[in-house]
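Text of the file final_25.cif, holding mmCIF, N, CA and C atoms:
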data_model
loop_
_atom_site.group_PDB
_atom_site.id
_atom_site.type_symbol
_atom_site.label_atom_id
_atom_site.label_comp_id
_atom_site.auth_asym_id
_atom_site.auth_seq_id
_atom_site.Cartn_x
_atom_site.Cartn_y
_atom_site.Cartn_z
ATOM 1 N N MET A 1 -84.224 153.342 -37.911
ATOM 2 C CA MET A 1 -83.980 154.546 -38.671
ATOM 3 C C MET A 1 -82.772 154.346 -39.593
ATOM 4 N N LYS A 2 -82.916 154.781 -40.817
ATOM 5 C CA LYS A 2 -81.867 154.618 -41.810
ATOM 6 C C LYS A 2 -80.700 155.570 -41.517
ATOM 7 N N GLU A 3 -79.486 155.051 -41.631
ATOM 8 C CA GLU A 3 -78.277 155.849 -41.421
ATOM 9 C C GLU A 3 -78.111 156.858 -42.551
ATOM 10 N N LYS A 4 -77.809 158.118 -42.190
ATOM 11 C CA LYS A 4 -77.617 159.150 -43.215
ATOM 12 C C LYS A 4 -76.301 158.941 -43.944
ATOM 13 N N LYS A 5 -76.317 159.310 -45.207
ATOM 14 C CA LYS A 5 -75.126 159.263 -46.053
ATOM 15 C C LYS A 5 -74.939 160.644 -46.678
ATOM 16 N N LEU A 6 -73.712 160.925 -47.053
ATOM 17 C CA LEU A 6 -73.390 162.152 -47.771
ATOM 18 C C LEU A 6 -73.333 161.820 -49.255
ATOM 19 N N TYR A 7 -74.017 162.637 -50.058
ATOM 20 C CA TYR A 7 -74.008 162.457 -51.510
ATOM 21 C C TYR A 7 -73.469 163.716 -52.164
ATOM 22 N N ILE A 8 -72.568 163.530 -53.110
ATOM 23 C CA ILE A 8 -72.015 164.628 -53.890
ATOM 24 C C ILE A 8 -72.324 164.330 -55.348
ATOM 25 N N THR A 9 -72.945 165.308 -56.023
ATOM 26 C CA THR A 9 -73.274 165.136 -57.435
ATOM 27 C C THR A 9 -72.362 166.006 -58.290
ATOM 28 N N PHE A 10 -72.292 165.660 -59.563
ATOM 29 C CA PHE A 10 -71.349 166.294 -60.480
ATOM 30 C C PHE A 10 -72.036 166.690 -61.775
ATOM 31 N N TYR A 11 -71.428 167.650 -62.468
ATOM 32 C CA TYR A 11 -71.927 168.074 -63.771
ATOM 33 C C TYR A 11 -71.589 167.057 -64.853
ATOM 34 N N THR A 12 -70.431 166.391 -64.700
ATOM 35 C CA THR A 12 -69.996 165.420 -65.708
ATOM 36 C C THR A 12 -69.509 164.138 -65.032
ATOM 37 N N SER A 13 -69.556 163.058 -65.789
ATOM 38 C CA SER A 13 -69.056 161.791 -65.254
ATOM 39 C C SER A 13 -67.542 161.839 -65.071
ATOM 40 N N ALA A 14 -66.837 162.658 -65.865
ATOM 41 C CA ALA A 14 -65.383 162.796 -65.721
ATOM 42 C C ALA A 14 -65.021 163.343 -64.332
ATOM 43 N N GLU A 15 -65.816 164.280 -63.824
ATOM 44 C CA GLU A 15 -65.584 164.820 -62.480
ATOM 45 C C GLU A 15 -65.815 163.751 -61.414
ATOM 46 N N ALA A 16 -66.834 162.940 -61.607
ATOM 47 C CA ALA A 16 -67.112 161.853 -60.661
ATOM 48 C C ALA A 16 -65.960 160.849 -60.650
ATOM 49 N N MET A 17 -65.462 160.508 -61.829
ATOM 50 C CA MET A 17 -64.358 159.553 -61.926
ATOM 51 C C MET A 17 -63.069 160.135 -61.345
ATOM 52 N N ALA A 18 -62.828 161.421 -61.561
ATOM 53 C CA ALA A 18 -61.642 162.077 -60.984
ATOM 54 C C ALA A 18 -61.730 162.073 -59.463
ATOM 55 N N THR A 19 -62.929 162.277 -58.934
ATOM 56 C CA THR A 19 -63.126 162.242 -57.482
ATOM 57 C C THR A 19 -62.828 160.857 -56.940
ATOM 58 N N GLU A 20 -63.299 159.837 -57.633
ATOM 59 C CA GLU A 20 -63.020 158.470 -57.215
ATOM 60 C C GLU A 20 -61.512 158.225 -57.153
ATOM 61 N N GLN A 21 -60.795 158.692 -58.157
ATOM 62 C CA GLN A 21 -59.347 158.477 -58.221
ATOM 63 C C GLN A 21 -58.610 159.201 -57.089
ATOM 64 N N VAL A 22 -58.906 160.486 -56.873
ATOM 65 C CA VAL A 22 -58.184 161.226 -55.821
ATOM 66 C C VAL A 22 -58.554 160.724 -54.428
ATOM 67 N N CYS A 23 -59.778 160.271 -54.256
ATOM 68 C CA CYS A 23 -60.159 159.696 -52.955
ATOM 69 C C CYS A 23 -59.397 158.397 -52.711
ATOM 70 N N LYS A 24 -59.264 157.581 -53.741
ATOM 71 C CA LYS A 24 -58.504 156.334 -53.623
ATOM 72 C C LYS A 24 -57.050 156.629 -53.260
ATOM 73 N N GLU A 25 -56.454 157.621 -53.939
ATOM 74 C CA GLU A 25 -55.069 157.997 -53.662
ATOM 75 C C GLU A 25 -54.865 158.532 -52.247
ATOM 76 N N ASN A 26 -55.939 159.092 -51.654
ATOM 77 C CA ASN A 26 -55.860 159.677 -50.315
ATOM 78 C C ASN A 26 -56.535 158.816 -49.243
ATOM 79 N N ASN A 27 -56.800 157.558 -49.584
ATOM 80 C CA ASN A 27 -57.401 156.597 -48.649
ATOM 81 C C ASN A 27 -58.708 157.093 -48.036
ATOM 82 N N ILE A 28 -59.534 157.726 -48.876
ATOM 83 C CA ILE A 28 -60.857 158.170 -48.460
ATOM 84 C C ILE A 28 -61.871 157.216 -49.073
ATOM 85 N N LYS A 29 -62.665 156.595 -48.220
ATOM 86 C CA LYS A 29 -63.611 155.587 -48.682
ATOM 87 C C LYS A 29 -64.884 156.242 -49.227
ATOM 88 N N ILE A 30 -65.132 156.005 -50.514
ATOM 89 C CA ILE A 30 -66.348 156.476 -51.176
ATOM 90 C C ILE A 30 -66.881 155.359 -52.058
ATOM 91 N N LYS A 31 -68.081 155.592 -52.563
ATOM 92 C CA LYS A 31 -68.669 154.654 -53.515
ATOM 93 C C LYS A 31 -69.374 155.476 -54.588
ATOM 94 N N LEU A 32 -69.168 155.140 -55.862
ATOM 95 C CA LEU A 32 -69.924 155.773 -56.938
ATOM 96 C C LEU A 32 -71.267 155.061 -57.045
ATOM 97 N N VAL A 33 -72.342 155.851 -57.030
ATOM 98 C CA VAL A 33 -73.698 155.310 -57.068
ATOM 99 C C VAL A 33 -74.562 156.183 -57.983
ATOM 100 N N PRO A 34 -75.700 155.656 -58.423
ATOM 101 C CA PRO A 34 -76.632 156.512 -59.160
ATOM 102 C C PRO A 34 -77.103 157.665 -58.271
ATOM 103 N N VAL A 35 -77.416 158.781 -58.887
ATOM 104 C CA VAL A 35 -77.879 159.950 -58.134
ATOM 105 C C VAL A 35 -79.224 159.637 -57.464
ATOM 106 N N PRO A 36 -79.334 159.897 -56.147
ATOM 107 C CA PRO A 36 -80.621 159.688 -55.461
ATOM 108 C C PRO A 36 -81.727 160.578 -56.039
ATOM 109 N N ARG A 37 -82.950 160.169 -55.882
ATOM 110 C CA ARG A 37 -84.093 160.911 -56.417
ATOM 111 C C ARG A 37 -84.208 162.322 -55.855
ATOM 112 N N GLU A 38 -83.698 162.539 -54.653
ATOM 113 C CA GLU A 38 -83.790 163.845 -54.010
ATOM 114 C C GLU A 38 -82.961 164.915 -54.733
ATOM 115 N N PHE A 39 -82.089 164.492 -55.618
ATOM 116 C CA PHE A 39 -81.222 165.386 -56.379
ATOM 117 C C PHE A 39 -81.670 165.423 -57.833
ATOM 118 N N SER A 40 -81.232 166.446 -58.512
ATOM 119 C CA SER A 40 -81.216 166.390 -59.976
ATOM 120 C C SER A 40 -79.764 166.613 -60.344
ATOM 121 N N SER A 41 -79.282 165.870 -61.293
ATOM 122 C CA SER A 41 -77.863 165.962 -61.618
ATOM 123 C C SER A 41 -77.635 165.852 -63.109
ATOM 124 N N GLY A 42 -76.609 166.534 -63.553
ATOM 125 C CA GLY A 42 -76.270 166.526 -64.962
ATOM 126 C C GLY A 42 -75.793 165.181 -65.472
ATOM 127 N N CYS A 43 -75.021 164.436 -64.665
ATOM 128 C CA CYS A 43 -74.393 163.234 -65.220
ATOM 129 C C CYS A 43 -74.992 161.921 -64.720
ATOM 130 N N GLY A 44 -75.769 161.938 -63.645
ATOM 131 C CA GLY A 44 -76.394 160.715 -63.156
ATOM 132 C C GLY A 44 -75.545 159.891 -62.206
ATOM 133 N N ILE A 45 -74.302 160.302 -61.970
ATOM 134 C CA ILE A 45 -73.413 159.586 -61.050
ATOM 135 C C ILE A 45 -73.138 160.480 -59.842
ATOM 136 N N SER A 46 -73.169 159.869 -58.665
ATOM 137 C CA SER A 46 -72.833 160.616 -57.457
ATOM 138 C C SER A 46 -71.865 159.809 -56.608
ATOM 139 N N VAL A 47 -71.275 160.494 -55.647
ATOM 140 C CA VAL A 47 -70.419 159.853 -54.657
ATOM 141 C C VAL A 47 -71.235 159.693 -53.390
ATOM 142 N N GLU A 48 -71.170 158.512 -52.803
ATOM 143 C CA GLU A 48 -71.815 158.248 -51.514
ATOM 144 C C GLU A 48 -70.717 157.978 -50.497
ATOM 145 N N THR A 49 -70.813 158.633 -49.338
ATOM 146 C CA THR A 49 -69.794 158.445 -48.317
ATOM 147 C C THR A 49 -70.347 158.794 -46.945
ATOM 148 N N ASP A 50 -69.509 158.681 -45.945
ATOM 149 C CA ASP A 50 -69.852 158.986 -44.565
ATOM 150 C C ASP A 50 -69.938 160.500 -44.375
ATOM 151 N N PRO A 51 -71.032 161.012 -43.813
ATOM 152 C CA PRO A 51 -71.158 162.451 -43.602
ATOM 153 C C PRO A 51 -70.077 163.043 -42.692
ATOM 154 N N ASN A 52 -69.455 162.223 -41.875
ATOM 155 C CA ASN A 52 -68.426 162.715 -40.957
ATOM 156 C C ASN A 52 -67.159 163.182 -41.664
ATOM 157 N N ILE A 53 -66.999 162.827 -42.935
ATOM 158 C CA ILE A 53 -65.801 163.268 -43.663
ATOM 159 C C ILE A 53 -66.112 164.365 -44.679
ATOM 160 N N LYS A 54 -67.253 165.003 -44.526
ATOM 161 C CA LYS A 54 -67.675 166.038 -45.477
ATOM 162 C C LYS A 54 -66.602 167.112 -45.665
ATOM 163 N N ASP A 55 -66.118 167.695 -44.592
ATOM 164 C CA ASP A 55 -65.122 168.769 -44.704
ATOM 165 C C ASP A 55 -63.852 168.283 -45.403
ATOM 166 N N LYS A 56 -63.431 167.079 -45.064
ATOM 167 C CA LYS A 56 -62.209 166.514 -45.647
ATOM 168 C C LYS A 56 -62.353 166.307 -47.154
ATOM 169 N N ILE A 57 -63.460 165.748 -47.582
ATOM 170 C CA ILE A 57 -63.634 165.467 -49.002
ATOM 171 C C ILE A 57 -63.856 166.754 -49.796
ATOM 172 N N LEU A 58 -64.583 167.712 -49.233
ATOM 173 C CA LEU A 58 -64.787 168.975 -49.936
ATOM 174 C C LEU A 58 -63.478 169.751 -50.068
ATOM 175 N N LYS A 59 -62.640 169.685 -49.068
ATOM 176 C CA LYS A 59 -61.316 170.324 -49.132
ATOM 177 C C LYS A 59 -60.470 169.664 -50.227
ATOM 178 N N LEU A 60 -60.523 168.338 -50.297
ATOM 179 C CA LEU A 60 -59.790 167.609 -51.328
ATOM 180 C C LEU A 60 -60.262 168.008 -52.729
ATOM 181 N N LEU A 61 -61.582 168.108 -52.908
ATOM 182 C CA LEU A 61 -62.116 168.515 -54.211
ATOM 183 C C LEU A 61 -61.662 169.932 -54.566
ATOM 184 N N GLU A 62 -61.646 170.809 -53.584
ATOM 185 C CA GLU A 62 -61.169 172.176 -53.815
ATOM 186 C C GLU A 62 -59.687 172.179 -54.197
ATOM 187 N N ASP A 63 -58.882 171.447 -53.435
ATOM 188 C CA ASP A 63 -57.441 171.382 -53.704
ATOM 189 C C ASP A 63 -57.143 170.819 -55.092
ATOM 190 N N GLU A 64 -57.938 169.844 -55.513
ATOM 191 C CA GLU A 64 -57.731 169.186 -56.812
ATOM 192 C C GLU A 64 -58.471 169.892 -57.950
ATOM 193 N N ARG A 65 -59.180 170.956 -57.602
ATOM 194 C CA ARG A 65 -59.960 171.730 -58.576
ATOM 195 C C ARG A 65 -60.963 170.877 -59.334
ATOM 196 N N ILE A 66 -61.641 170.012 -58.590
ATOM 197 C CA ILE A 66 -62.702 169.185 -59.160
ATOM 198 C C ILE A 66 -64.035 169.854 -58.818
ATOM 199 N N GLU A 67 -64.777 170.223 -59.851
ATOM 200 C CA GLU A 67 -66.069 170.872 -59.637
ATOM 201 C C GLU A 67 -67.128 169.822 -59.315
ATOM 202 N N PHE A 68 -68.034 170.202 -58.413
ATOM 203 C CA PHE A 68 -69.182 169.359 -58.118
ATOM 204 C C PHE A 68 -70.432 170.211 -58.156
ATOM 205 N N GLU A 69 -71.552 169.547 -58.315
ATOM 206 C CA GLU A 69 -72.813 170.265 -58.468
ATOM 207 C C GLU A 69 -73.479 170.529 -57.123
ATOM 208 N N ASP A 70 -73.595 169.497 -56.283
ATOM 209 C CA ASP A 70 -74.310 169.630 -55.021
ATOM 210 C C ASP A 70 -73.756 168.649 -54.014
ATOM 211 N N CYS A 71 -74.032 168.916 -52.743
ATOM 212 C CA CYS A 71 -73.565 168.064 -51.656
ATOM 213 C C CYS A 71 -74.644 168.085 -50.577
ATOM 214 N N LYS A 72 -75.208 166.906 -50.263
ATOM 215 C CA LYS A 72 -76.305 166.818 -49.279
ATOM 216 C C LYS A 72 -76.192 165.538 -48.462
ATOM 217 N N GLU A 73 -76.689 165.652 -47.250
ATOM 218 C CA GLU A 73 -76.865 164.459 -46.410
ATOM 219 C C GLU A 73 -78.309 164.031 -46.511
ATOM 220 N N ILE A 74 -78.524 162.767 -46.837
ATOM 221 C CA ILE A 74 -79.892 162.220 -46.849
ATOM 222 C C ILE A 74 -79.885 160.820 -46.286
#
Represent the supplied structure as structure tokens.
Amino acid sequence: MKEKKLYITFYTSAEAMATEQVCKENNIKIKLVPVPREFSSGCGISVETDPNIKDKILKLLEDERIEFEDCKEI
């Protein structure tokens, strides 16, 4: 069985890049990847990460005022 991942999509690539930067500064491991087929996204870039850190990363995005489009585990 395939391990689930958390995907966060964005309206713009600038938001995705800002997320990458703040995660790096806060030692949160993520990877920028193309948006999975299960999503539709404005910019085509998503963040892939461990679902166990969902609350932590969403709190960080809120604190940094980075908008995201969707967040799903697949």
Could you name the residues that touch segment 46-54 of chain A at 7 Å or less, counting only N, CA and C atoms, but leaving out those on the same chain fewer than 2 positions away, as number ranges by chain?
A: 4-10, 16, 29-36, 43-44, 56-59, 73
Given 3 Å of margin on each side, can you work out the centre and size in Å (one decimal) of an axis-aligned box holding every listed atom of segment 30-47 of chain A, as AutoDock Vina command-line options?
--center_x -74.7 --center_y 160.6 --center_z -58.0 --size_x 25.1 --size_y 18.0 --size_z 21.0
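The two atoms in question, atom N of Asp55 of chain A and atom CA of Ala18 of chain A, are spaced 17.9 Å apart.
As for atom C of Asn26 of chain A and atom CA of Glu62 of chain A, they are spaced 14.9 Å apart.
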So how many Å separate atom CA of Glu25 of chain A and atom CA of Ile66 of chain A, to one decimal?
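The value is 14.6 Å.
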